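Working notes for the structure below.
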Amino acid sequence: MTGDAMRILILGGTGEASALAGALAGRADCAVTLSLAGRTAAPKVEPVPTRIGGFGGAEGLAAFLRREHIDRLIDATHPFAATISGNAAVAAVAAGVELLAIRRPAWRREPGDLWTEVHSMEEAVAVLGREPRRVFLTIGRQEAGAFAAAPHHAYLVRTVEPLDGALPVPHLTAIEARGPFDAAAEADLIHATRTEILVSKNSGGAATYGKIAAARSLAIPVIMVCRPEKPEVASVPNAAGALRWLDAGDHAGSATLRDV
């Protein structure tokens, strides 16, 4: 450890990352840097020093860890951010830095859910079929373009950032909004737009679960995109677990810290 303070790098962009940064802000025993990918034009202001942008792959991240004398690396990125999670695992080993991932639990199918699970956006497009349908896309701006392959559907797309031509189809309604979204409001939106099918990533968490609960209550089918594989590293489900891991000091190398 360098100096009196534990130097911590949080790979963020999620509510868990924000919660952890907030909990560590102001602690004299921690020097925290939050790193954001830079995909959001106006990210939430955080109470710790924040850097924006990539590192240049695993090698660049490892170099950053060494240069900044990082003691602990926390991967609190989105469940679908497989590339940075893979880079974090490789970089942590290369730089000799302890790594913890915050992996929020995935949503589980409940009675009444009409899910079709797929493993890619291309597969989700195929499941929509040839008959025109009214589709509610809640997958983010980055991957919306995959659905341009099926322009015969009418799309309602909700994103945090402007869609900016990412989905060039003739029947498109774009909404810019940031969660959380409650189930009642989501049900109203689905009803008002006459949505026939919902496409969602299995992001987990409470902030965007309202659409899943609403679809269940209205018997609306959901195409659920499964999470990508990520490296097996020490992990906890939330920021509270990460705080306990940091405060524990001497860490075991188990893949899941069930007792943390």
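Residues in the structure tokens are named by chain (A, B, ... in the order shown) and by number from 1 within that chain; ligands are numbered from 1 in the order shown.
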Residues of region 135-163 of chain A within 12 Å of region 221-232 of chain A: nearest atom pair and distance (Å, one decimal) for each, counting only C-alpha atoms, sorted by chain and number, as CSV?
```
residue,atom,partner,partner_atom,distance
A:Val135,CA,A:Val222,CA,9.9
A:Phe136,CA,A:Val222,CA,9.5
A:Leu137,CA,A:Ile223,CA,9.7
A:Thr138,CA,A:Met224,CA,10.4
A:Ile139,CA,A:Val225,CA,8.9
A:Glu143,CA,A:Val225,CA,11.7
```
As a PyMOL selection string, please: every residue in region 35-155 of chain A that a backbone DSSP assignment puts in strand (DSSP E). chain A and resi 35-36+50-52+72-75+98-102+115-118+134-138+154-155
Nearest to Ala144 (chain A) by atom-to-atom distance, counting only C-alpha atoms, from A:Glu110, A:Ala126, A:Ala5, A:Ser200: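 Checking each of A:Glu110, A:Ala126, A:Ala5, A:Ser200 against Ala144 (chain A), counting only C-alpha atoms, the winner is A:Ser200.
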Those in region 58-195 of chain A with helix (DSSP H, G or I) from DSSP, as JSON, numbers by chain: {"A": [58, 59, 60, 61, 62, 63, 64, 65, 66, 67, 82, 83, 84, 85, 86, 87, 88, 89, 90, 91, 92, 93, 94, 95, 121, 122, 123, 124, 125, 126, 127, 128, 144, 145, 146, 147, 148, 149, 183, 184, 185, 186, 187, 188, 189, 190, 191, 192]}
Closest atom pairs, region 89-176 of chain A residues within 10 Å of region 14-21 of chain A, only C-alpha atoms, as a Markdown table:
```
| residue | atom | partner | partner_atom | distance |
| --- | --- | --- | --- | --- |
| A:Ile102 | CA | A:Glu16 | CA | 7.5 |
| A:Arg103 | CA | A:Glu16 | CA | 9.2 |
| A:Arg104 | CA | A:Glu16 | CA | 8.4 |
```
Tell me, as a ChimeraX atom specification, which residues lie within 10 Å of Ala28 (chain A), counting only C-alpha atoms; anything in the same chain fewer than 3 positions away does not count. /A:4-6,24-25,31
Could you please take those selected residues and save all heavy atoms as a PDB file, in the first residue's frame?
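Writing done, so here's again.pdb:
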```
ATOM      1  N   ASP A   4      -0.445   6.511   3.554  1.00  0.00           N
ATOM      2  CA  ASP A   4      -1.360   6.127   4.622  1.00  0.00           C
ATOM      3  C   ASP A   4      -2.726   5.718   4.102  1.00  0.00           C
ATOM      4  O   ASP A   4      -3.473   5.032   4.791  1.00  0.00           O
ATOM      5  CB  ASP A   4      -1.522   7.291   5.606  1.00  0.00           C
ATOM      6  CG  ASP A   4      -0.219   7.606   6.329  1.00  0.00           C
ATOM      7  OD1 ASP A   4       0.566   6.669   6.563  1.00  0.00           O
ATOM      8  OD2 ASP A   4      -0.006   8.782   6.639  1.00  0.00           O
ATOM      9  N   ALA A   5      -3.089   6.174   2.906  1.00  0.00           N
ATOM     10  CA  ALA A   5      -4.426   5.918   2.364  1.00  0.00           C
ATOM     11  C   ALA A   5      -4.400   4.778   1.361  1.00  0.00           C
ATOM     12  O   ALA A   5      -3.468   4.650   0.562  1.00  0.00           O
ATOM     13  CB  ALA A   5      -4.982   7.183   1.710  1.00  0.00           C
ATOM     14  N   MET A   6      -5.405   3.936   1.419  1.00  0.00           N
ATOM     15  CA  MET A   6      -5.576   2.882   0.418  1.00  0.00           C
ATOM     16  C   MET A   6      -6.020   3.526  -0.882  1.00  0.00           C
ATOM     17  O   MET A   6      -7.024   4.233  -0.933  1.00  0.00           O
ATOM     18  CB  MET A   6      -6.632   1.881   0.890  1.00  0.00           C
ATOM     19  CG  MET A   6      -6.865   0.728  -0.071  1.00  0.00           C
ATOM     20  SD  MET A   6      -8.322  -0.267   0.373  1.00  0.00           S
ATOM     21  CE  MET A   6      -7.853  -0.847   2.009  1.00  0.00           C
ATOM     22  N   LEU A  24     -17.336   6.050   0.300  1.00  0.00           N
ATOM     23  CA  LEU A  24     -15.901   6.206   0.547  1.00  0.00           C
ATOM     24  C   LEU A  24     -15.446   7.663   0.536  1.00  0.00           C
ATOM     25  O   LEU A  24     -14.362   7.979   1.031  1.00  0.00           O
ATOM     26  CB  LEU A  24     -15.108   5.427  -0.505  1.00  0.00           C
ATOM     27  CG  LEU A  24     -15.239   3.905  -0.467  1.00  0.00           C
ATOM     28  CD1 LEU A  24     -14.551   3.289  -1.676  1.00  0.00           C
ATOM     29  CD2 LEU A  24     -14.669   3.337   0.822  1.00  0.00           C
ATOM     30  N   ALA A  25     -16.265   8.537  -0.044  1.00  0.00           N
ATOM     31  CA  ALA A  25     -15.884   9.949  -0.145  1.00  0.00           C
ATOM     32  C   ALA A  25     -15.640  10.544   1.244  1.00  0.00           C
ATOM     33  O   ALA A  25     -16.422  10.346   2.159  1.00  0.00           O
ATOM     34  CB  ALA A  25     -16.976  10.739  -0.860  1.00  0.00           C
ATOM     35  N   ALA A  31      -8.086   6.814  -0.824  1.00  0.00           N
ATOM     36  CA  ALA A  31      -7.932   7.779  -1.916  1.00  0.00           C
ATOM     37  C   ALA A  31      -8.596   7.146  -3.135  1.00  0.00           C
ATOM     38  O   ALA A  31      -8.058   6.204  -3.720  1.00  0.00           O
ATOM     39  CB  ALA A  31      -6.469   8.065  -2.179  1.00  0.00           C
TER      40      ALA A  31
END
```
Using only C-alpha atoms, pick whichever of A:Ser217, A:Ser203, A:Ser85, A:Thr159 has the shortest atom-to-atom distance to Ala58 (chain A).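 Smallest distance to Ala58 (chain A) is found for A:Ser85.
Close contacts of region 67-79 of chain A, defined as residues with an atom at most 6 Å away when counting only C-alpha atoms, with chain neighbours fewer than 6 positions off set aside, comprise Met1, Arg7, Ile8, Leu9, Ile10, Leu11, Gly12, Gly13, Ala17, Val97, Glu98, Leu99, Leu100, Ala101 and Ile102 of chain A.
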Would you pick out the contacts of Leu114 (chain A) at 12 Å or less, using only C-alpha atoms, so that residues sharing its chain but fewer than 3 positions from it are not included, and give the list as a list in words?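 Near Leu114 (chain A), the qualifying residues are Arg108, Arg109, Glu110, Pro111, Glu117, Glu196, Ile197, Leu198, Val199, Ile212, Ala213, Ala214, Ala215, Arg216, Ser217, Leu218, Ala219, Ile220, Pro221, Val222, Ile223 and Met224 of chain A.
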Just the number, please: distance in Å from CA of Gly140 (chain A) to CA of Ala166 (chain A), one decimal.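 Straight-line distance from CA of Gly140 (chain A) to CA of Ala166 (chain A) works out to 10.3 Å.
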I'd like to know which of A:Ala206, A:Leu246, A:Val45, A:Val233 is closest to Val93 (chain A), using only C-alpha atoms.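 Result for the nearest residue to Val93 (chain A): A:Val233.
Distance check against Ala95 (chain A) using only C-alpha atoms: of A:Tyr209, A:Phe147, A:Phe64, A:Trp245, the minimum falls on A:Phe64.
Residues lying within 6 Å of region 179-185 of chain A, counting only C-alpha atoms and ignoring same-chain neighbours fewer than 2 positions away, are A:Ala187, A:Asp188, A:Ala207, A:Thr208, A:Gly210, A:Lys211, A:Ala213, A:Ala214.
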Here CA of Pro47 (chain A) and CA of Leu243 (chain A) stand apart by 16.3 Å
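When only C-alpha atoms are used to measure the gap to Arg178 (chain A), the shortest distance among A:Gly112, A:Pro43, A:Gly26, A:Gly38 belongs to A:Pro43.
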